>>> print(open('model.tsv').read())   # TSV, C-alpha atoms
chain	number	residue	atom	x	y	z
A	1	MET	CA	-9.85	8.60	15.70
A	2	GLN	CA	-9.22	11.69	13.60
A	3	SER	CA	-10.01	11.69	9.90
A	4	PRO	CA	-7.00	11.32	7.55
A	5	GLU	CA	-7.72	14.76	6.07
A	6	ARG	CA	-7.11	16.40	9.46
A	7	ILE	CA	-3.66	14.87	9.94
A	8	THR	CA	-1.20	17.20	8.21
A	9	PRO	CA	2.60	17.51	8.15
A	10	TYR	CA	2.72	21.04	9.54
A	11	ASP	CA	0.64	23.02	12.00
A	12	THR	CA	-0.47	25.69	9.53
A	13	GLU	CA	-3.74	26.82	7.97
A	14	CYS	CA	-2.66	25.69	4.48
A	15	PRO	CA	-4.66	22.86	2.87
A	16	LYS	CA	-3.25	19.38	3.34
A	17	ASN	CA	-2.23	19.02	-0.31
A	18	GLU	CA	-0.10	22.18	-0.11
A	19	GLN	CA	1.54	20.99	3.11
A	20	VAL	CA	2.25	17.56	1.60
A	21	GLU	CA	3.80	19.20	-1.46
A	22	ALA	CA	6.03	21.41	0.72
A	23	MET	CA	7.05	18.48	2.91
A	24	PHE	CA	8.12	16.25	0.02
A	25	ASN	CA	9.91	19.11	-1.71
A	26	HIS	CA	11.88	19.60	1.50
A	27	ILE	CA	12.78	15.95	2.17
A	28	ALA	CA	13.14	14.82	-1.46
A	29	GLY	CA	16.91	14.43	-1.26
A	30	HIS	CA	16.62	12.13	1.76
A	31	TYR	CA	13.42	10.29	0.86
A	32	ASP	CA	14.74	7.17	-0.89
A	33	ARG	CA	17.40	6.48	1.71
A	34	LEU	CA	14.99	6.90	4.63
A	35	ASN	CA	12.31	4.85	2.89
A	36	HIS	CA	14.74	1.94	2.59
A	37	LEU	CA	16.04	2.48	6.12
A	38	PHE	CA	12.70	2.59	7.94
A	39	SER	CA	11.34	-0.42	6.04
A	40	TRP	CA	14.57	-2.38	6.60
A	41	GLY	CA	14.88	-2.59	2.81
A	42	MET	CA	11.51	-4.29	2.49
A	43	ASP	CA	9.97	-1.48	0.43
A	44	ARG	CA	11.67	-2.97	-2.65
A	45	VAL	CA	10.24	-6.41	-1.90
A	46	TRP	CA	6.77	-4.96	-1.29
A	47	ARG	CA	6.82	-3.15	-4.64
A	48	GLN	CA	7.77	-6.33	-6.46
A	49	LYS	CA	4.99	-8.31	-4.77
A	50	ALA	CA	2.49	-5.56	-5.58
A	51	ILE	CA	3.58	-5.44	-9.23
A	52	ARG	CA	3.06	-9.18	-9.56
A	53	MET	CA	-0.60	-8.65	-8.67
A	54	ILE	CA	-1.22	-6.45	-11.73
A	55	GLU	CA	1.06	-8.31	-14.16
A	56	PRO	CA	-1.65	-10.87	-15.16
A	57	PHE	CA	-3.76	-8.00	-16.51
A	58	ALA	CA	-1.01	-7.27	-19.09
A	59	PRO	CA	-1.51	-3.49	-19.03
A	60	HIS	CA	-0.13	-1.33	-21.83
A	61	THR	CA	-0.71	2.06	-20.19
A	62	VAL	CA	-0.28	2.67	-16.46
A	63	LEU	CA	-0.96	5.74	-14.32
A	64	ASP	CA	1.27	5.86	-11.24
A	65	VAL	CA	-0.31	8.26	-8.73
A	66	ALA	CA	1.89	9.85	-6.04
A	67	THR	CA	4.81	8.58	-8.10
A	68	GLY	CA	7.41	10.42	-5.98
A	69	THR	CA	10.92	9.55	-7.13
A	70	GLY	CA	9.59	7.00	-9.60
A	71	ASP	CA	10.59	3.74	-7.92
A	72	LEU	CA	7.31	1.97	-8.66
A	73	ALA	CA	7.12	3.30	-12.22
A	74	ILE	CA	10.63	2.00	-12.91
A	75	GLU	CA	9.88	-1.41	-11.40
A	76	ILE	CA	6.69	-1.67	-13.46
A	77	CYS	CA	8.67	-1.11	-16.67
A	78	ARG	CA	11.32	-3.59	-15.59
A	79	HIS	CA	8.98	-6.43	-14.64
A	80	ILE	CA	5.82	-6.14	-16.77
A	81	PRO	CA	6.77	-6.71	-20.43
A	82	SER	CA	3.37	-5.58	-21.75
A	83	VAL	CA	3.77	-2.03	-20.41
A	84	LYS	CA	4.42	0.56	-23.11
A	85	GLN	CA	3.92	3.79	-21.15
A	86	VAL	CA	3.83	4.80	-17.47
A	87	THR	CA	2.60	8.28	-16.56
A	88	GLY	CA	3.69	9.36	-13.09
A	89	VAL	CA	1.82	12.17	-11.33
A	90	ASP	CA	2.77	13.83	-8.06
A	91	LEU	CA	2.43	17.09	-6.17
A	92	SER	CA	6.18	17.43	-5.56
A	93	LEU	CA	8.42	18.71	-8.34
A	94	GLU	CA	11.55	18.01	-6.31
A	95	MET	CA	10.64	14.33	-5.89
A	96	MET	CA	9.94	14.00	-9.61
A	97	ARG	CA	13.21	15.73	-10.52
A	98	ILE	CA	15.02	12.93	-8.72
A	99	GLY	CA	12.74	10.46	-10.47
A	100	GLU	CA	13.63	11.90	-13.86
A	101	GLN	CA	17.33	11.40	-13.13
A	102	LYS	CA	16.72	7.77	-12.15
A	103	VAL	CA	14.59	7.17	-15.24
A	104	ARG	CA	17.31	8.57	-17.53
A	105	SER	CA	19.94	6.40	-15.85
A	106	GLU	CA	17.75	3.35	-16.58
A	107	ASN	CA	17.20	4.45	-20.21
A	108	LEU	CA	13.45	4.47	-19.59
A	109	ASP	CA	12.72	8.09	-20.47
A	110	ASN	CA	10.85	6.93	-23.60
A	111	ARG	CA	8.46	4.87	-21.43
A	112	ILE	CA	8.05	6.95	-18.25
A	113	THR	CA	6.86	10.56	-18.09
A	114	PHE	CA	6.19	12.78	-15.08
A	115	MET	CA	3.51	15.43	-14.53
A	116	GLN	CA	2.84	17.68	-11.54
A	117	LYS	CA	-0.84	16.98	-10.88
A	118	ASP	CA	-3.18	16.53	-7.93
A	119	CYS	CA	-4.82	13.10	-7.79
A	120	LEU	CA	-8.13	14.78	-6.94
A	121	ASP	CA	-8.22	16.50	-10.33
A	122	LEU	CA	-6.53	14.28	-12.90
A	123	PRO	CA	-6.20	15.83	-16.40
A	124	PHE	CA	-7.14	12.62	-18.21
A	125	ALA	CA	-10.29	11.50	-20.00
A	126	ASP	CA	-12.47	8.70	-18.65
A	127	HIS	CA	-11.20	5.20	-19.49
A	128	SER	CA	-7.61	6.30	-20.22
A	129	PHE	CA	-5.46	3.64	-18.49
A	130	ASP	CA	-5.11	-0.13	-18.30
A	131	ALA	CA	-3.97	0.07	-14.67
A	132	VAL	CA	-3.59	2.67	-11.92
A	133	THR	CA	-1.07	2.25	-9.11
A	134	VAL	CA	-0.27	4.08	-5.87
A	135	ALA	CA	2.58	3.19	-3.51
A	136	PHE	CA	2.72	4.80	-0.07
A	137	GLY	CA	0.60	7.72	-1.24
A	138	VAL	CA	-3.09	7.29	-0.41
A	139	ARG	CA	-2.66	8.40	3.21
A	140	ASN	CA	-1.37	11.74	1.89
A	141	PHE	CA	-4.48	12.46	-0.18
A	142	GLN	CA	-6.42	15.60	0.69
A	143	ASN	CA	-9.58	13.46	0.40
A	144	ILE	CA	-9.20	9.68	0.06
A	145	GLU	CA	-12.71	9.04	-1.24
A	146	LEU	CA	-12.38	11.68	-3.98
A	147	GLY	CA	-8.96	10.31	-4.90
A	148	LEU	CA	-10.42	6.82	-5.30
A	149	GLU	CA	-13.24	8.22	-7.44
A	150	GLU	CA	-10.77	9.95	-9.76
A	151	MET	CA	-8.62	6.85	-10.14
A	152	TYR	CA	-11.73	4.79	-10.85
A	153	ARG	CA	-12.83	7.30	-13.48
A	154	VAL	CA	-9.64	7.11	-15.56
A	155	LEU	CA	-9.45	3.30	-15.52
A	156	ASN	CA	-10.62	1.21	-18.45
A	157	GLU	CA	-13.42	-1.28	-17.80
A	158	GLY	CA	-12.09	-4.40	-16.09
A	159	ALA	CA	-8.77	-2.72	-15.27
A	160	PRO	CA	-7.11	-2.87	-11.83
A	161	LEU	CA	-6.28	-0.26	-9.23
A	162	MET	CA	-3.36	-1.38	-7.07
A	163	ILE	CA	-2.61	0.39	-3.80
A	164	LEU	CA	0.46	-0.43	-1.71
A	165	GLU	CA	0.35	1.14	1.74
A	166	LEU	CA	2.03	0.94	5.11
A	167	SER	CA	-0.30	-0.49	7.72
A	168	ARG	CA	-0.77	-1.00	11.43
A	169	PRO	CA	-0.23	-4.59	12.58
A	170	VAL	CA	-3.10	-5.93	14.67
A	171	SER	CA	-1.61	-9.21	15.92
A	172	PHE	CA	0.53	-9.73	19.03
A	173	PRO	CA	3.49	-9.09	19.27
A	174	TRP	CA	3.84	-7.26	15.95
A	175	LYS	CA	1.35	-4.59	17.02
A	176	GLN	CA	3.32	-3.76	20.17
A	177	GLY	CA	6.64	-3.76	18.33
A	178	TYR	CA	5.28	-1.53	15.59
A	179	ASN	CA	3.81	0.95	18.10
A	180	PHE	CA	7.21	1.38	19.77
A	181	TYR	CA	9.04	1.67	16.44
A	182	ALA	CA	6.55	4.18	15.02
A	183	SER	CA	6.35	6.28	18.17
A	184	HIS	CA	10.00	6.39	19.23
A	185	VAL	CA	12.36	5.32	16.44
A	186	ILE	CA	10.95	6.79	13.22
A	187	PRO	CA	10.40	10.37	14.50
A	188	VAL	CA	13.83	10.61	16.17
A	189	VAL	CA	15.88	9.09	13.36
A	190	GLY	CA	13.83	10.85	10.67
A	191	ARG	CA	14.27	14.22	12.35
A	192	PHE	CA	18.03	13.71	12.59
A	193	LEU	CA	18.61	12.47	9.03
A	194	SER	CA	16.11	14.61	7.11
A	195	GLN	CA	16.35	17.84	9.13
A	196	ASP	CA	12.54	17.96	9.09
A	197	ALA	CA	11.10	17.35	12.55
A	198	GLU	CA	7.50	17.31	11.36
A	199	ALA	CA	7.78	15.00	8.33
A	200	TYR	CA	8.65	11.87	10.26
A	201	THR	CA	6.22	12.61	13.05
A	202	TYR	CA	3.53	12.95	10.38
A	203	LEU	CA	4.47	9.55	8.87
A	204	PRO	CA	3.29	7.32	11.77
A	205	GLU	CA	0.39	9.67	12.52
A	206	SER	CA	-0.87	9.41	8.94
A	207	ILE	CA	-0.58	5.61	9.01
A	208	ALA	CA	-2.55	5.53	12.27
A	209	VAL	CA	-5.61	7.25	10.74
A	210	MET	CA	-5.41	5.69	7.26
A	211	PRO	CA	-8.38	3.40	6.45
A	212	GLN	CA	-7.05	-0.13	6.79
A	213	ARG	CA	-7.95	-3.51	5.31
A	214	GLU	CA	-11.75	-3.97	5.11
A	215	GLU	CA	-12.28	-0.29	5.83
A	216	LEU	CA	-10.40	0.67	2.67
A	217	THR	CA	-11.81	-2.11	0.48
A	218	ASP	CA	-15.32	-1.08	1.56
A	219	LEU	CA	-14.50	2.48	0.51
A	220	MET	CA	-13.24	1.20	-2.85
A	221	LEU	CA	-16.48	-0.69	-3.41
A	222	SER	CA	-18.50	2.37	-2.44
A	223	VAL	CA	-16.98	4.48	-5.25
A	224	GLY	CA	-17.81	1.87	-7.88
A	225	PHE	CA	-15.21	-0.89	-7.96
A	226	ARG	CA	-16.99	-4.20	-8.60
A	227	GLU	CA	-14.42	-6.14	-6.60
A	228	ALA	CA	-11.91	-5.14	-3.92
A	229	TYR	CA	-9.59	-7.25	-1.81
A	230	TYR	CA	-6.26	-7.03	0.00
A	231	ARG	CA	-3.17	-9.01	0.95
A	232	THR	CA	-1.02	-8.27	3.99
A	233	LEU	CA	2.78	-8.39	3.75
A	234	SER	CA	5.68	-8.78	6.18
A	235	LEU	CA	3.88	-9.42	9.47
A	236	GLU	CA	1.15	-6.91	8.59
A	237	ALA	CA	3.58	-3.99	8.14
A	238	ALA	CA	2.29	-3.32	4.62
A	239	THR	CA	-0.82	-4.15	2.63
A	240	VAL	CA	-1.57	-4.45	-1.07
A	241	TYR	CA	-5.12	-3.52	-2.08
A	242	MET	CA	-6.66	-4.44	-5.42
A	243	GLY	CA	-9.79	-2.97	-6.96
A	244	LEU	CA	-11.30	-4.08	-10.27
A	245	LYS	CA	-13.44	-1.69	-12.30
>>> encode(input="model.tsv", output="structure tokens")
Amino acid sequence: MQSPERITPYDTECPKNEQVEAMFNHIAGHYDRLNHLFSWGMDRVWRQKAIRMIEPFAPHTVLDVATGTGDLAIEICRHIPSVKQVTGVDLSLEMMRIGEQKVRSENLDNRITFMQKDCLDLPFADHSFDAVTVAFGVRNFQNIELGLEEMYRVLNEGAPLMILELSRPVSFPWKQGYNFYASHVIPVVGRFLSQDAEAYTYLPESIAVMPQREELTDLMLSVGFREAYYRTLSLEAATVYMGLK
């Protein structure tokens, strides 16, 4: 199996983070619709389930990494009353521009801010946030281990990291159904609707090489988290990971 860092959206010599930025800038206008389409609308349900796992920690300040168009940041503000401020960081300005429009329409611009930053070099001091979240973003990191280390660094002691990611089912018949869907449906439909042939070929390829389940929780423990565990969702199509500092 190839390492996640070697799976990139485009066949160029540019670093993965630059390719990911270019890809999301290109598909930003189609991203939300295709995200809902390919997950059969379950991405909303998955976010809500993931948010419930950090709500008991009653965070005041949250860092949302790979925030994209801000869906998770908005849901956090809607459903966790303790949250005063969410800072969303992402590589893609075009994705965040859409996010800013959504935030204004929800009258949340006093609680959610966006910054163009790389998760491998976060501009925050140690112990800055009560929670860190990532939805559908870890597989796009230039280096997953370094990304985990940075998120660990900016967390307060005892605070949670929550990762929501797409995953590969391992049980029959969900595994076989997923393999067909990922190999034949997502690339064809994604190419047609987004006008980006590579982006929706990259999606299933990046899921295929993403550390899954115990592999990712072991990596979380290795960078310092004192506890790490996961919960699978929707017939193993998605997984929520939790790490406690």
>>> closest_residue(input="model.tsv", among="A:Pro59, A:Gly68, A:Pro81, A:Pro123", to="A:Glu100", atoms="only C-alpha atoms")
A:Gly68
>>> closest_residue(input="model.tsv", among="A:Ile74, A:Leu155, A:Met210, A:Leu93", to="A:Met115", atoms="all atoms listed in the file")
A:Leu93
>>> atom_distance(input="model.tsv", atom1="atom CA of A:Lys84", atom2="atom CA of A:Asp126")
19.3 Å
>>> closest_atom_pairs(input="model.tsv", of="stretch 72-134 of chain A", to="stretch 38-55 of chain A", cutoff="7 Å", atoms="all atoms listed in the file", output="JSON lines")
{"residue": "A:Leu72", "atom": "CA", "partner": "A:Arg47", "partner_atom": "CA", "distance": 6.5}
{"residue": "A:Ile76", "atom": "CA", "partner": "A:Ile51", "partner_atom": "CA", "distance": 6.5}
{"residue": "A:Ile80", "atom": "CA", "partner": "A:Glu55", "partner_atom": "CA", "distance": 5.8}
>>> closest_residue(input="model.tsv", among="A:Met162, A:Ile144, A:Leu221, A:Met95", to="A:Tyr241", atoms="all atoms listed in the file")
A:Met162
>>> closest_residue(input="model.tsv", among="A:Leu34, A:Cys14, A:Ala22, A:Ala58", to="A:Phe192", atoms="all atoms listed in the file")
A:Leu34
>>> atom_distance(input="model.tsv", atom1="atom CA of A:Met242", atom2="atom CA of A:Ile186")
28.0 Å
>>> residues_around(input="model.tsv", residues="A:Pro187", least_positions_apart="5", cutoff="10 Å", atoms="all atoms listed in the file", output="MDAnalysis selection string")
chainID A and resid 181:182 192 196:204
>>> closest_residue(input="model.tsv", among="A:Thr133, A:Gln142, A:Gln101, A:Thr239", to="A:Thr217", atoms="all atoms listed in the file")
A:Thr239
>>> closest_residue(input="model.tsv", among="A:Gln85, A:Thr61, A:Asn17, A:Ser234", to="A:Asn110", atoms="all atoms listed in the file")
A:Gln85
>>> atom_distance(input="model.tsv", atom1="atom CA of A:Ala66", atom2="atom CA of A:Leu148")
12.7 Å
>>> residues_around(input="model.tsv", residues="A:Glu149", least_positions_apart="6", cutoff="9 Å", atoms="all atoms listed in the file", output="list of chain:residue names")
A:Leu120, A:Met220, A:Val223, A:Gly224
>>> axis_aligned_box(input="model.tsv", around="stretch 48-60 of chain A", padding_each_side="5 Å", output="lines of an AutoDock Vina configuration file")
center_x = 2.0
center_y = -6.1
center_z = -13.3
size_x = 21.5
size_y = 19.5
size_z = 27.1
>>> residues_near_point(input="model.tsv", point="(17.1, 14.7, -4.0)", cutoff="9 Å", atoms="only C-alpha atoms", output="compact mmCIF listing (two decimals) with C-alpha atoms, in the frame of the given file")
# COMPACT_ATOMS: atom_id res chain seq x y z
CA ASN A 25 9.91 19.11 -1.71
CA ILE A 27 12.78 15.95 2.17
CA ALA A 28 13.14 14.82 -1.46
CA GLY A 29 16.91 14.43 -1.26
CA HIS A 30 16.62 12.13 1.76
CA TYR A 31 13.42 10.29 0.86
CA ASP A 32 14.74 7.17 -0.89
CA THR A 69 10.92 9.55 -7.13
CA GLU A 94 11.55 18.01 -6.31
CA MET A 95 10.64 14.33 -5.89
CA ARG A 97 13.21 15.73 -10.52
CA ILE A 98 15.02 12.93 -8.72
CA GLY A 99 12.74 10.46 -10.47
>>> residues_around(input="model.tsv", residues="A:Asn156", least_positions_apart="2", cutoff="8 Å", atoms="only C-alpha atoms", output="list of chain:residue names")
A:Asp126, A:His127, A:Ser128, A:Phe129, A:Asp130, A:Ala131, A:Val154, A:Gly158, A:Ala159, A:Lys245
>>> write_last_selection(input="model.tsv", atoms="C-alpha atoms", output="mmCIF file, keeping the file's coordinate frame")
data_model
loop_
_atom_site.group_PDB
_atom_site.id
_atom_site.type_symbol
_atom_site.label_atom_id
_atom_site.label_comp_id
_atom_site.auth_asym_id
_atom_site.auth_seq_id
_atom_site.Cartn_x
_atom_site.Cartn_y
_atom_site.Cartn_z
ATOM 1 C CA ASP A 126 -12.470 8.700 -18.650
ATOM 2 C CA HIS A 127 -11.200 5.200 -19.490
ATOM 3 C CA SER A 128 -7.610 6.300 -20.220
ATOM 4 C CA PHE A 129 -5.460 3.640 -18.490
ATOM 5 C CA ASP A 130 -5.110 -0.130 -18.300
ATOM 6 C CA ALA A 131 -3.970 0.070 -14.670
ATOM 7 C CA VAL A 154 -9.640 7.110 -15.560
ATOM 8 C CA GLY A 158 -12.090 -4.400 -16.090
ATOM 9 C CA ALA A 159 -8.770 -2.720 -15.270
ATOM 10 C CA LYS A 245 -13.440 -1.690 -12.300
#
>>> closest_atom_pairs(input="model.tsv", of="stretch 183-226 of chain A", to="stretch 167-179 of chain A", cutoff="12 Å", atoms="only C-alpha atoms", output="CSV")
residue,atom,partner,partner_atom,distance
A:Ser183,CA,A:Asn179,CA,5.9
A:His184,CA,A:Asn179,CA,8.3
A:Val185,CA,A:Asn179,CA,9.7
A:Ile186,CA,A:Tyr178,CA,10.3
A:Leu203,CA,A:Ser167,CA,11.2
A:Pro204,CA,A:Asn179,CA,9.0
A:Glu205,CA,A:Arg168,CA,10.8
A:Ser206,CA,A:Ser167,CA,10.0
A:Ile207,CA,A:Ser167,CA,6.2
A:Ala208,CA,A:Arg168,CA,6.8
A:Val209,CA,A:Arg168,CA,9.6
A:Met210,CA,A:Ser167,CA,8.0
A:Pro211,CA,A:Ser167,CA,9.1
A:Gln212,CA,A:Ser167,CA,6.8
A:Arg213,CA,A:Ser167,CA,8.6
A:Leu216,CA,A:Ser167,CA,11.4
>>> residues_near_point(input="model.tsv", point="(-4.1, 16.4, -9.5)", cutoff="12 Å", atoms="all atoms listed in the file", output="CSV table (one decimal) with C-alpha atoms, in the frame of the given file")
chain,number,residue,atom,x,y,z
A,17,ASN,CA,-2.2,19.0,-0.3
A,18,GLU,CA,-0.1,22.2,-0.1
A,21,GLU,CA,3.8,19.2,-1.5
A,64,ASP,CA,1.3,5.9,-11.2
A,65,VAL,CA,-0.3,8.3,-8.7
A,66,ALA,CA,1.9,9.8,-6.0
A,67,THR,CA,4.8,8.6,-8.1
A,88,GLY,CA,3.7,9.4,-13.1
A,89,VAL,CA,1.8,12.2,-11.3
A,90,ASP,CA,2.8,13.8,-8.1
A,91,LEU,CA,2.4,17.1,-6.2
A,92,SER,CA,6.2,17.4,-5.6
A,115,MET,CA,3.5,15.4,-14.5
A,116,GLN,CA,2.8,17.7,-11.5
A,117,LYS,CA,-0.8,17.0,-10.9
A,118,ASP,CA,-3.2,16.5,-7.9
A,119,CYS,CA,-4.8,13.1,-7.8
A,120,LEU,CA,-8.1,14.8,-6.9
A,121,ASP,CA,-8.2,16.5,-10.3
A,122,LEU,CA,-6.5,14.3,-12.9
A,123,PRO,CA,-6.2,15.8,-16.4
A,124,PHE,CA,-7.1,12.6,-18.2
A,141,PHE,CA,-4.5,12.5,-0.2
A,142,GLN,CA,-6.4,15.6,0.7
A,143,ASN,CA,-9.6,13.5,0.4
A,146,LEU,CA,-12.4,11.7,-4.0
A,147,GLY,CA,-9.0,10.3,-4.9
A,150,GLU,CA,-10.8,10.0,-9.8
A,151,MET,CA,-8.6,6.8,-10.1
